[in-house]
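Text of work-v2.cif (mmCIF, C-alpha atoms and all ligand atoms) as supplied:
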data_model
#
loop_
_atom_site.group_PDB
_atom_site.id
_atom_site.type_symbol
_atom_site.label_atom_id
_atom_site.label_comp_id
_atom_site.auth_asym_id
_atom_site.auth_seq_id
_atom_site.Cartn_x
_atom_site.Cartn_y
_atom_site.Cartn_z
ATOM 1 C CA MET A 1 0.000 0.000 0.000
ATOM 2 C CA THR A 2 1.337 3.434 -0.911
ATOM 3 C CA ILE A 3 0.026 6.388 1.008
ATOM 4 C CA ALA A 4 -1.418 9.357 -0.844
ATOM 5 C CA LEU A 5 0.869 12.259 -1.659
ATOM 6 C CA ASP A 6 -0.796 14.592 0.842
ATOM 7 C CA GLY A 7 -0.183 11.953 3.535
ATOM 8 C CA ARG A 8 3.504 11.938 2.619
ATOM 9 C CA GLN A 9 3.614 15.716 2.785
ATOM 10 C CA LEU A 10 1.985 15.709 6.211
ATOM 11 C CA LEU A 11 4.584 13.262 7.484
ATOM 12 C CA MET A 12 7.405 15.296 5.965
ATOM 13 C CA GLN A 13 6.065 18.380 7.748
ATOM 14 C CA ARG A 14 6.291 16.588 11.059
ATOM 15 C CA LEU A 15 9.937 15.885 10.343
ATOM 16 C CA GLU A 16 10.570 19.603 10.436
ATOM 17 C CA ASP A 17 10.245 19.497 14.202
ATOM 18 C CA LEU A 18 13.841 18.319 14.470
ATOM 19 C CA ARG A 19 14.366 20.370 17.614
ATOM 20 C CA ARG A 20 12.570 17.622 19.530
ATOM 21 C CA ILE A 21 15.508 15.323 18.914
ATOM 22 C CA PRO A 22 18.115 15.668 21.646
ATOM 23 C CA THR A 23 21.393 16.951 20.321
ATOM 24 C CA ILE A 24 24.527 14.908 20.716
ATOM 25 C CA PRO A 25 26.074 15.566 24.158
ATOM 26 C CA ALA A 26 27.428 19.095 24.446
ATOM 27 C CA VAL A 27 30.924 17.829 25.131
ATOM 28 C CA LEU A 28 31.212 16.043 21.781
ATOM 29 C CA THR A 29 31.045 18.998 19.426
ATOM 30 C CA PRO A 30 34.072 20.844 20.891
ATOM 31 C CA LEU A 31 35.824 17.521 21.338
ATOM 32 C CA LEU A 32 35.477 16.564 17.682
ATOM 33 C CA ARG A 33 36.522 20.049 16.607
ATOM 34 C CA TYR A 34 39.582 19.766 18.863
ATOM 35 C CA LEU A 35 40.468 16.427 17.259
ATOM 36 C CA GLU A 36 40.437 17.973 13.789
ATOM 37 C CA GLN A 37 43.714 19.729 14.587
ATOM 38 C CA PRO A 38 47.045 18.251 13.482
ATOM 39 C CA VAL A 39 48.013 15.503 15.886
ATOM 40 C CA GLU A 40 51.165 17.331 17.066
ATOM 41 C CA LYS A 41 48.952 20.055 18.524
ATOM 42 C CA LEU A 42 46.832 17.649 20.572
ATOM 43 C CA ASP A 43 47.330 17.189 24.265
ATOM 44 C CA VAL A 44 46.542 14.006 26.203
ATOM 45 C CA GLN A 45 45.407 15.821 29.333
ATOM 46 C CA LYS A 46 43.155 18.203 27.424
ATOM 47 C CA LEU A 47 41.400 15.346 25.638
ATOM 48 C CA THR A 48 41.022 13.485 28.921
ATOM 49 C CA ASP A 49 39.503 16.613 30.489
ATOM 50 C CA PHE A 50 37.014 16.939 27.634
ATOM 51 C CA LEU A 51 35.743 13.423 28.166
ATOM 52 C CA ALA A 52 35.698 13.700 31.943
ATOM 53 C CA GLN A 53 33.165 16.557 31.716
ATOM 54 C CA ASP A 54 30.422 14.023 31.087
ATOM 55 C CA GLU A 55 30.619 11.309 33.703
ATOM 56 C CA SER A 56 28.479 8.655 32.031
ATOM 57 C CA LEU A 57 30.055 9.328 28.632
ATOM 58 C CA ALA A 58 33.470 8.915 30.232
ATOM 59 C CA ALA A 59 32.471 5.617 31.870
ATOM 60 C CA GLN A 60 31.062 4.249 28.610
ATOM 61 C CA CYS A 61 34.156 5.349 26.721
ATOM 62 C CA LEU A 62 36.316 3.442 29.169
ATOM 63 C CA GLN A 63 34.252 0.281 28.669
ATOM 64 C CA LEU A 64 34.524 0.567 24.918
ATOM 65 C CA ALA A 65 38.228 1.379 25.141
ATOM 66 C CA ASN A 66 38.777 -1.903 26.981
ATOM 67 C CA SER A 67 37.149 -3.939 24.242
ATOM 68 C CA PRO A 68 39.171 -6.075 21.803
ATOM 69 C CA LEU A 69 37.142 -4.300 19.090
ATOM 70 C CA PHE A 70 39.500 -1.394 19.595
ATOM 71 C CA GLY A 71 42.575 -3.538 19.723
ATOM 72 C CA ARG A 72 42.876 -3.604 23.496
ATOM 73 C CA TRP A 73 43.905 -6.860 25.051
ATOM 74 C CA GLN A 74 45.118 -5.316 28.297
ATOM 75 C CA GLN A 75 42.786 -3.464 30.591
ATOM 76 C CA VAL A 76 43.155 0.301 30.982
ATOM 77 C CA GLN A 77 41.901 1.784 34.215
ATOM 78 C CA SER A 78 41.680 5.464 33.393
ATOM 79 C CA LEU A 79 40.653 7.710 30.543
ATOM 80 C CA ARG A 80 44.146 9.119 30.405
ATOM 81 C CA ALA A 81 45.598 5.628 29.946
ATOM 82 C CA ALA A 82 42.994 4.950 27.242
ATOM 83 C CA VAL A 83 43.947 8.103 25.343
ATOM 84 C CA ILE A 84 47.645 7.227 25.561
ATOM 85 C CA SER A 85 47.284 3.594 24.522
ATOM 86 C CA LEU A 86 44.571 3.961 21.885
ATOM 87 C CA GLY A 87 45.563 7.265 20.374
ATOM 88 C CA PHE A 88 43.590 10.440 19.805
ATOM 89 C CA ASN A 89 41.604 9.317 16.790
ATOM 90 C CA GLN A 90 40.385 6.055 18.246
ATOM 91 C CA VAL A 91 39.298 7.824 21.410
ATOM 92 C CA GLY A 92 37.366 10.308 19.251
ATOM 93 C CA ASP A 93 35.670 7.378 17.489
ATOM 94 C CA ILE A 94 34.787 5.835 20.829
ATOM 95 C CA ALA A 95 33.399 9.096 22.226
ATOM 96 C CA MET A 96 31.211 9.580 19.174
ATOM 97 C CA SER A 97 29.986 5.987 19.404
ATOM 98 C CA CYS A 98 28.895 6.519 22.996
ATOM 99 C CA GLY A 99 27.382 9.904 22.107
ATOM 100 C CA ILE A 100 24.980 8.301 19.628
ATOM 101 C CA LEU A 101 23.755 6.022 22.370
ATOM 102 C CA LYS A 102 22.573 9.048 24.322
ATOM 103 C CA ILE A 103 20.175 10.266 21.676
ATOM 104 C CA LEU A 104 18.295 7.034 21.164
ATOM 105 C CA PRO A 105 14.665 7.077 22.271
ATOM 106 C CA GLY A 106 13.065 4.223 24.219
ATOM 107 C CA ARG A 107 11.597 1.255 22.427
ATOM 108 C CA ASN A 108 8.581 3.037 21.001
ATOM 109 C CA GLY A 109 8.908 2.415 17.281
ATOM 110 C CA GLY A 110 9.258 -1.360 17.202
ATOM 111 C CA LEU A 111 13.034 -1.328 16.722
ATOM 112 C CA ASP A 112 14.976 -2.064 19.892
ATOM 113 C CA PRO A 113 17.533 0.743 20.492
ATOM 114 C CA VAL A 114 20.094 -1.861 21.583
ATOM 115 C CA ILE A 115 19.784 -3.555 18.196
ATOM 116 C CA PHE A 116 20.008 -0.231 16.392
ATOM 117 C CA TRP A 117 23.217 0.640 18.232
ATOM 118 C CA GLU A 118 24.702 -2.785 17.514
ATOM 119 C CA HIS A 119 24.022 -2.305 13.808
ATOM 120 C CA SER A 120 25.558 1.187 13.828
ATOM 121 C CA LEU A 121 28.637 0.114 15.751
ATOM 122 C CA GLY A 122 28.994 -2.989 13.581
ATOM 123 C CA CYS A 123 28.786 -0.895 10.421
ATOM 124 C CA ALA A 124 31.390 1.523 11.757
ATOM 125 C CA LEU A 125 33.813 -1.309 12.517
ATOM 126 C CA VAL A 126 33.239 -3.090 9.197
ATOM 127 C CA ALA A 127 33.527 0.158 7.191
ATOM 128 C CA ARG A 128 36.858 0.885 8.902
ATOM 129 C CA HIS A 129 38.017 -2.709 8.340
ATOM 130 C CA LEU A 130 37.169 -2.497 4.643
ATOM 131 C CA ALA A 131 38.733 0.971 4.385
ATOM 132 C CA ASN A 132 42.017 -0.403 5.736
ATOM 133 C CA LYS A 133 41.887 -3.292 3.270
ATOM 134 C CA ILE A 134 41.670 -0.978 0.260
ATOM 135 C CA ASP A 135 44.028 1.668 1.712
ATOM 136 C CA PHE A 136 41.245 4.230 1.845
ATOM 137 C CA GLU A 137 42.773 7.587 2.765
ATOM 138 C CA ASP A 138 40.846 8.111 5.999
ATOM 139 C CA PRO A 139 39.680 4.946 7.831
ATOM 140 C CA GLY A 140 38.521 7.118 10.750
ATOM 141 C CA LYS A 141 36.089 8.873 8.453
ATOM 142 C CA ALA A 142 34.792 5.508 7.259
ATOM 143 C CA TYR A 143 34.201 4.581 10.910
ATOM 144 C CA LEU A 144 32.259 7.782 11.602
ATOM 145 C CA ALA A 145 30.219 7.457 8.400
ATOM 146 C CA GLY A 146 29.372 3.851 9.294
ATOM 147 C CA LEU A 147 28.354 4.889 12.778
ATOM 148 C CA LEU A 148 26.070 7.694 11.586
ATOM 149 C CA HIS A 149 24.671 6.309 8.320
ATOM 150 C CA ASP A 150 21.274 5.345 9.786
ATOM 151 C CA VAL A 151 20.769 8.515 11.819
ATOM 152 C CA GLY A 152 17.472 8.956 9.922
ATOM 153 C CA ILE A 153 16.091 5.979 11.835
ATOM 154 C CA ILE A 154 16.619 7.975 15.041
ATOM 155 C CA VAL A 155 14.671 10.838 13.454
ATOM 156 C CA ASN A 156 11.816 8.519 12.522
ATOM 157 C CA LEU A 157 11.791 6.898 15.953
ATOM 158 C CA TRP A 158 11.533 10.285 17.666
ATOM 159 C CA LEU A 159 9.166 12.123 15.354
ATOM 160 C CA LEU A 160 7.055 9.428 13.676
ATOM 161 C CA PRO A 161 7.034 6.483 16.107
ATOM 162 C CA ASP A 162 3.647 5.058 15.034
ATOM 163 C CA GLU A 163 4.336 5.355 11.319
ATOM 164 C CA PHE A 164 7.829 3.941 11.771
ATOM 165 C CA ARG A 165 6.439 1.029 13.783
ATOM 166 C CA ALA A 166 4.033 0.242 10.920
ATOM 167 C CA ALA A 167 6.937 0.308 8.446
ATOM 168 C CA TYR A 168 9.053 -1.857 10.767
ATOM 169 C CA ASP A 169 6.203 -4.383 11.062
ATOM 170 C CA ILE A 170 5.951 -4.614 7.272
ATOM 171 C CA ALA A 171 9.720 -5.055 7.001
ATOM 172 C CA THR A 172 9.840 -7.835 9.602
ATOM 173 C CA HIS A 173 6.782 -9.679 8.240
ATOM 174 C CA GLU A 174 7.852 -9.518 4.618
ATOM 175 C CA GLY A 175 11.593 -9.838 5.280
ATOM 176 C CA ILE A 176 12.356 -6.788 3.162
ATOM 177 C CA PRO A 177 14.914 -4.021 3.799
ATOM 178 C CA LEU A 178 13.686 -1.350 6.171
ATOM 179 C CA HIS A 179 14.067 1.467 3.647
ATOM 180 C CA GLU A 180 11.818 -0.378 1.184
ATOM 181 C CA ALA A 181 9.128 -0.821 3.841
ATOM 182 C CA GLU A 182 9.405 2.861 4.818
ATOM 183 C CA GLN A 183 9.035 3.907 1.195
ATOM 184 C CA GLN A 184 6.044 1.647 0.806
ATOM 185 C CA SER A 185 4.184 2.801 3.897
ATOM 186 C CA MET A 186 5.385 6.391 4.495
ATOM 187 C CA GLY A 187 6.437 7.509 1.032
ATOM 188 C CA PHE A 188 10.000 8.330 2.111
ATOM 189 C CA THR A 189 12.849 6.616 3.931
ATOM 190 C CA HIS A 190 15.271 7.170 6.800
ATOM 191 C CA CYS A 191 17.717 8.374 4.129
ATOM 192 C CA ASP A 192 15.424 11.374 3.516
ATOM 193 C CA SER A 193 14.812 12.122 7.188
ATOM 194 C CA GLY A 194 18.483 11.490 7.974
ATOM 195 C CA ARG A 195 19.552 14.035 5.400
ATOM 196 C CA LEU A 196 17.401 16.672 7.130
ATOM 197 C CA LEU A 197 19.022 15.990 10.493
ATOM 198 C CA ALA A 198 22.541 15.734 9.055
ATOM 199 C CA GLU A 199 22.106 19.147 7.435
ATOM 200 C CA ARG A 200 20.608 20.625 10.605
ATOM 201 C CA TRP A 201 23.502 19.335 12.692
ATOM 202 C CA GLY A 202 26.048 20.621 10.192
ATOM 203 C CA PHE A 203 27.599 17.290 9.206
ATOM 204 C CA ALA A 204 30.380 17.490 6.617
ATOM 205 C CA PRO A 205 28.983 17.297 3.031
ATOM 206 C CA SER A 206 30.608 13.877 2.514
ATOM 207 C CA LEU A 207 28.775 12.522 5.564
ATOM 208 C CA ILE A 208 25.463 14.028 4.475
ATOM 209 C CA GLU A 209 25.824 12.158 1.179
ATOM 210 C CA VAL A 210 26.440 8.897 3.041
ATOM 211 C CA VAL A 211 23.340 9.404 5.175
ATOM 212 C CA ALA A 212 21.251 10.228 2.083
ATOM 213 C CA HIS A 213 22.586 7.584 -0.322
ATOM 214 C CA HIS A 214 23.912 4.598 1.610
ATOM 215 C CA HIS A 215 21.151 2.427 0.084
ATOM 216 C CA SER A 216 21.573 3.846 -3.415
ATOM 217 C CA PRO A 217 25.240 4.702 -4.044
ATOM 218 C CA GLN A 218 24.575 4.787 -7.793
ATOM 219 C CA GLU A 219 22.211 7.749 -7.307
ATOM 220 C CA SER A 220 24.670 10.007 -5.522
ATOM 221 C CA SER A 221 26.583 12.543 -7.505
ATOM 222 C CA PRO A 222 29.461 12.205 -7.298
ATOM 223 C CA ALA A 223 29.319 8.616 -6.108
ATOM 224 C CA THR A 224 32.148 8.488 -3.585
ATOM 225 C CA GLU A 225 34.197 5.643 -2.196
ATOM 226 C CA LEU A 226 33.002 6.609 1.275
ATOM 227 C CA ILE A 227 29.359 5.986 0.303
ATOM 228 C CA ALA A 228 30.327 2.696 -1.350
ATOM 229 C CA LEU A 229 32.265 1.560 1.738
ATOM 230 C CA VAL A 230 29.333 2.258 4.049
ATOM 231 C CA HIS A 231 26.866 0.707 1.601
ATOM 232 C CA ILE A 232 28.841 -2.547 1.588
ATOM 233 C CA ALA A 233 29.427 -2.479 5.354
ATOM 234 C CA ASP A 234 25.686 -1.989 5.870
ATOM 235 C CA LEU A 235 24.846 -4.919 3.570
ATOM 236 C CA LEU A 236 27.391 -7.170 5.258
ATOM 237 C CA CYS A 237 26.022 -6.321 8.693
ATOM 238 C CA ARG A 238 22.418 -6.829 7.602
ATOM 239 C CA MET A 239 23.283 -10.238 6.170
ATOM 240 C CA SER A 240 25.371 -11.380 9.119
ATOM 241 C CA GLY A 241 23.399 -10.864 12.312
ATOM 242 C CA LEU A 242 24.215 -7.219 13.021
ATOM 243 C CA ASN A 243 20.950 -6.355 11.325
ATOM 244 C CA HIS A 244 17.832 -4.459 12.366
ATOM 245 C CA GLY A 245 16.473 -7.312 14.440
ATOM 246 C CA TYR A 246 15.098 -9.519 11.667
ATOM 247 C CA VAL A 247 16.412 -11.577 8.783
ATOM 248 C CA GLU A 248 15.955 -10.206 5.271
ATOM 249 C CA ALA A 249 14.697 -12.830 2.876
ATOM 250 C CA ARG A 250 17.069 -12.165 0.027
ATOM 251 C CA GLN A 251 20.448 -13.126 -1.265
ATOM 252 C CA VAL A 252 23.047 -10.484 -2.002
ATOM 253 C CA ASN A 253 25.598 -10.899 -4.743
ATOM 254 C CA PHE A 254 28.367 -8.534 -3.726
ATOM 255 C CA LEU A 255 30.214 -8.887 -7.017
ATOM 256 C CA SER A 256 27.311 -7.325 -8.929
ATOM 257 C CA ASP A 257 26.527 -4.758 -6.252
ATOM 258 C CA ALA A 258 26.645 -1.076 -7.267
ATOM 259 C CA GLY A 259 28.837 -0.095 -4.309
ATOM 260 C CA PHE A 260 31.312 -2.864 -5.002
ATOM 261 C CA SER A 261 31.529 -1.960 -8.715
ATOM 262 C CA LEU A 262 32.322 1.595 -7.710
ATOM 263 C CA LEU A 263 35.194 0.495 -5.463
ATOM 264 C CA ALA A 264 36.453 -2.141 -7.904
ATOM 265 C CA ARG A 265 36.861 0.523 -10.582
ATOM 266 C CA ASN A 266 39.608 2.192 -8.514
ATOM 267 C CA HIS A 267 41.062 -0.807 -6.705
ATOM 268 C CA ALA A 268 42.283 -3.572 -8.962
ATOM 269 C CA SER A 269 42.959 -5.765 -5.922
ATOM 270 C CA LEU A 270 39.210 -6.048 -5.348
ATOM 271 C CA LYS A 271 38.740 -7.985 -8.592
ATOM 272 C CA HIS A 272 39.937 -11.079 -6.716
ATOM 273 C CA PHE A 273 38.437 -10.081 -3.412
ATOM 274 C CA ASP A 274 37.755 -12.903 -0.993
ATOM 275 C CA TRP A 275 34.203 -12.196 0.175
ATOM 276 C CA ALA A 276 33.980 -15.433 2.102
ATOM 277 C CA ARG A 277 36.977 -14.358 4.152
ATOM 278 C CA LEU A 278 35.565 -10.879 4.777
ATOM 279 C CA THR A 279 32.215 -12.342 5.822
ATOM 280 C CA PHE A 280 34.101 -14.604 8.222
ATOM 281 C CA GLU A 281 36.008 -11.619 9.623
ATOM 282 C CA VAL A 282 32.756 -9.686 10.082
ATOM 283 C CA GLY A 283 31.348 -12.718 11.875
ATOM 284 C CA SER A 284 34.200 -12.471 14.351
ATOM 285 C CA TYR A 285 32.900 -9.051 15.432
ATOM 286 C CA LEU A 286 29.441 -10.391 16.193
ATOM 287 C CA ASP A 287 29.828 -11.809 19.687
ATOM 288 C CA GLU A 288 32.049 -8.977 20.824
ATOM 289 C CA VAL A 289 29.647 -6.285 19.592
ATOM 290 C CA HIS A 290 26.637 -8.062 21.112
ATOM 291 C CA SER A 291 28.152 -8.460 24.554
ATOM 292 C CA LEU A 292 29.792 -5.030 24.614
ATOM 293 C CA VAL A 293 26.632 -3.205 23.597
ATOM 294 C CA ARG A 294 24.520 -5.037 26.121
ATOM 295 C CA THR A 295 26.995 -4.311 28.909
ATOM 296 C CA ILE A 296 27.190 -0.619 28.109
ATOM 297 C CA TYR A 297 23.515 -0.123 27.414
ATOM 298 C CA ARG A 298 22.369 -1.752 30.597
ATOM 299 C CA SER A 299 25.031 -0.293 32.908
HETATM 300 FE FE FE A 301 19.937 2.540 6.208
HETATM 301 FE FE FE A 302 22.126 0.452 8.094
#

Kindly present the structure from the file in structure tokens form.
Amino acid sequence: MTIALDGRQLLMQRLEDLRRIPTIPAVLTPLLRYLEQPVEKLDVQKLTDFLAQDESLAAQCLQLANSPLFGRWQQVQSLRAAVISLGFNQVGDIAMSCGILKILPGRNGGLDPVIFWEHSLGCALVARHLANKIDFEDPGKAYLAGLLHDVGIIVNLWLLPDEFRAAYDIATHEGIPLHEAEQQSMGFTHCDSGRLLAERWGFAPSLIEVVAHHHSPQESSPATELIALVHIADLLCRMSGLNHGYVEARQVNFLSDAGFSLLARNHASLKHFDWARLTFEVGSYLDEVHSLVRTIYRS
């Protein structure tokens, strides 16, 4: 069923009330700006002080910092130790990851926030993993783009919980991708609502494009490697258990995927890419992401 055009317009109008969505914690904006400086200008104590301003953010960051997902096999006891051992950029990634957690609403739109966060974190890790494999210039950016790609779902959960729940029910019953169910029942997707929020929050243009086109890299202009990386990371996560809480009833052929073709054009090494191996590597993140997210979310 497709809703009438005026229904779509009414829903789109409700999206304009973006002020109702809590902003990312106040500490994160100056922190991320601080981290944009050349690394030689950064100071361990200053970064530690930034994080310490928000007690729960600091505690969550420490939990994440102690996870093998961030390469830690020895426990760190303090934020300062985490900054020293993980490095400035990884700590920025971790802070942003925990910041997203703070803006999730309760379970009012059908999709469990824990599952949403697992998918976002999984996508961030897989996008960074893939970025490193193809020597993408900025793996940290791939991580951030993976983390934020579905921010439109947060918008829909906050502003259109009943309509989003209906779309989510269709998606779970029919086993179709969430954006297809949203399009079918609301007339637009989380890519559209995400773009509104990304623009409102002043995301970098490259990130806005990821939010708007991660399900349709071929429609973005220009189609960037960053969008393709996140598109593939999203697909891999959806097919491997870091999904939106249900199994999609379809097979994906990565070799004929639009995002993969885009990357393969510039990276000859991908022509013989071992997808089975990558899928296996993604699978190794599963248990760690599940247990980490549940620990942090419930603490
Ligand atoms: Fe999405
Ligand atoms: Fe996604």

| field | Expected selection as a list in words for ligand FE 301 (chain A) within 9 Å, all atoms listed in the file | value |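 These are the residues that qualify: His149, Asp150, Val151, Gly152, Ile153, Pro177, Leu178, His179, Thr189, His190, Cys191, Val211, Ala212, His213, His214, His215, His231 and Asp234 of chain A.
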
Residue by residue, what does the PyMOL selection byres (((chain A and resi 139-143) around 8) and not hetatm) grab here? Present the result as a PDB file with C-alpha atoms, in the frame of the given file.
ATOM      1  CA  ASN A  89      41.604   9.317  16.790  1.00  0.00           C
ATOM      2  CA  GLN A  90      40.385   6.055  18.246  1.00  0.00           C
ATOM      3  CA  ASP A  93      35.670   7.378  17.489  1.00  0.00           C
ATOM      4  CA  CYS A 123      28.786  -0.895  10.421  1.00  0.00           C
ATOM      5  CA  ALA A 124      31.390   1.523  11.757  1.00  0.00           C
ATOM      6  CA  LEU A 125      33.813  -1.309  12.517  1.00  0.00           C
ATOM      7  CA  VAL A 126      33.239  -3.090   9.197  1.00  0.00           C
ATOM      8  CA  ALA A 127      33.527   0.158   7.191  1.00  0.00           C
ATOM      9  CA  ARG A 128      36.858   0.885   8.902  1.00  0.00           C
ATOM     10  CA  HIS A 129      38.017  -2.709   8.340  1.00  0.00           C
ATOM     11  CA  ALA A 131      38.733   0.971   4.385  1.00  0.00           C
ATOM     12  CA  ASN A 132      42.017  -0.403   5.736  1.00  0.00           C
ATOM     13  CA  PHE A 136      41.245   4.230   1.845  1.00  0.00           C
ATOM     14  CA  GLU A 137      42.773   7.587   2.765  1.00  0.00           C
ATOM     15  CA  ASP A 138      40.846   8.111   5.999  1.00  0.00           C
ATOM     16  CA  LEU A 144      32.259   7.782  11.602  1.00  0.00           C
ATOM     17  CA  ALA A 145      30.219   7.457   8.400  1.00  0.00           C
ATOM     18  CA  GLY A 146      29.372   3.851   9.294  1.00  0.00           C
ATOM     19  CA  LEU A 147      28.354   4.889  12.778  1.00  0.00           C
ATOM     20  CA  LEU A 226      33.002   6.609   1.275  1.00  0.00           C
ATOM     21  CA  LEU A 229      32.265   1.560   1.738  1.00  0.00           C
ATOM     22  CA  VAL A 230      29.333   2.258   4.049  1.00  0.00           C
TER      23      VAL A 230
END

_Answer key for the PyMOL selection byres (((chain A and resi 44-53) around 9) and not hetatm), residues as a list in words_ =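 Answer for the PyMOL selection byres (((chain A and resi 44-53) around 9) and not hetatm): Val27, Leu28, Pro30, Leu31, Tyr34, Leu35, Leu42, Asp43, Asp54, Glu55, Ser56, Leu57, Ala58, Ala59, Cys61, Leu79, Arg80, Ala82, Val83, Ile84, Gly87, Phe88, Val91 and Ala95 of chain A.
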
Suppose we keep C-alpha atoms; can you now write the selection as a compact mmCIF listing (two decimals), in the frame of the given file?
# COMPACT_ATOMS: atom_id res chain seq x y z
CA VAL A 27 30.92 17.83 25.13
CA LEU A 28 31.21 16.04 21.78
CA PRO A 30 34.07 20.84 20.89
CA LEU A 31 35.82 17.52 21.34
CA TYR A 34 39.58 19.77 18.86
CA LEU A 35 40.47 16.43 17.26
CA LEU A 42 46.83 17.65 20.57
CA ASP A 43 47.33 17.19 24.26
CA ASP A 54 30.42 14.02 31.09
CA GLU A 55 30.62 11.31 33.70
CA SER A 56 28.48 8.65 32.03
CA LEU A 57 30.06 9.33 28.63
CA ALA A 58 33.47 8.91 30.23
CA ALA A 59 32.47 5.62 31.87
CA CYS A 61 34.16 5.35 26.72
CA LEU A 79 40.65 7.71 30.54
CA ARG A 80 44.15 9.12 30.40
CA ALA A 82 42.99 4.95 27.24
CA VAL A 83 43.95 8.10 25.34
CA ILE A 84 47.64 7.23 25.56
CA GLY A 87 45.56 7.26 20.37
CA PHE A 88 43.59 10.44 19.80
CA VAL A 91 39.30 7.82 21.41
CA ALA A 95 33.40 9.10 22.23

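Straight-line separation from CA of Pro38 (chain A) to CA of Leu207 (chain A): 20.7 Å.
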
Show me, as lines of an AutoDock Vina configuration file, the centre and edge lengths in Å to one decimal of the axis-aligned box that covers every listed atom of region 269-288 of chain A with 4 Å on each side.
center_x = 36.2
center_y = -10.6
center_z = 6.1
size_x = 21.5
size_y = 17.7
size_z = 37.4

_Show me, as a VMD selection string, the residues that have an atom within 12 Å of Ser291 (chain A) when counting all atoms listed in the file, minus same-chain residues fewer than 3 positions from it._
chain A and resid 63 to 64 67 to 69 114 to 115 118 285 to 288 294 to 298

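In terms of minimum interatomic distance to ligand FE 302 (chain A), A:Ser120 ranks closest within A:Ser261, A:Ser221, A:Ser193, A:Ser120, counting all atoms listed in the file.
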
For this session: Have a look at A:Gly202, A:Pro113, A:Gly99, A:Gly122 and name the one nearest to ligand FE 302 (chain A); count only C-alpha atoms and all ligand atoms.
Result: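 Between A:Gly202, A:Pro113, A:Gly99, A:Gly122, the residue approaching ligand FE 302 (chain A) most closely is A:Gly122.
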
re CA of Leu157 (chain A) and CA of His290 (chain A): distance 21.7 Å

For Arg8 (chain A), find every residue with an atom within 12 Å (counting only C-alpha atoms), except residues of its own chain fewer than 3 positions away, and show them as a VMD selection string.
chain A and resid 2 to 5 11 to 15 160 163 182 to 189 192

As a check of understanding: the span from CA of Gly92 (chain A) to CA of Leu278 (chain A) is 25.7 Å

Can you turn the PyMOL selection byres (((chain A and resi 251-256) around 12) and not hetatm) into a concrete residue list for this file, as a PyMOL selection string? chain A and resi 175-177+228+231-240+247-250+257-264+270-276+278-279

Output of region 49-63 of chain A limited to C-alpha atoms, as a PDB file, in the first residue's frame:
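Dumped everything to part.pdb:
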ATOM      1  CA  ASP A  49      39.503  16.613  30.489  1.00  0.00           C
ATOM      2  CA  PHE A  50      37.014  16.939  27.634  1.00  0.00           C
ATOM      3  CA  LEU A  51      35.743  13.423  28.166  1.00  0.00           C
ATOM      4  CA  ALA A  52      35.698  13.700  31.943  1.00  0.00           C
ATOM      5  CA  GLN A  53      33.165  16.557  31.716  1.00  0.00           C
ATOM      6  CA  ASP A  54      30.422  14.023  31.087  1.00  0.00           C
ATOM      7  CA  GLU A  55      30.619  11.309  33.703  1.00  0.00           C
ATOM      8  CA  SER A  56      28.479   8.655  32.031  1.00  0.00           C
ATOM      9  CA  LEU A  57      30.055   9.328  28.632  1.00  0.00           C
ATOM     10  CA  ALA A  58      33.470   8.915  30.232  1.00  0.00           C
ATOM     11  CA  ALA A  59      32.471   5.617  31.870  1.00  0.00           C
ATOM     12  CA  GLN A  60      31.062   4.249  28.610  1.00  0.00           C
ATOM     13  CA  CYS A  61      34.156   5.349  26.721  1.00  0.00           C
ATOM     14  CA  LEU A  62      36.316   3.442  29.169  1.00  0.00           C
ATOM     15  CA  GLN A  63      34.252   0.281  28.669  1.00  0.00           C
TER      16      GLN A  63
END
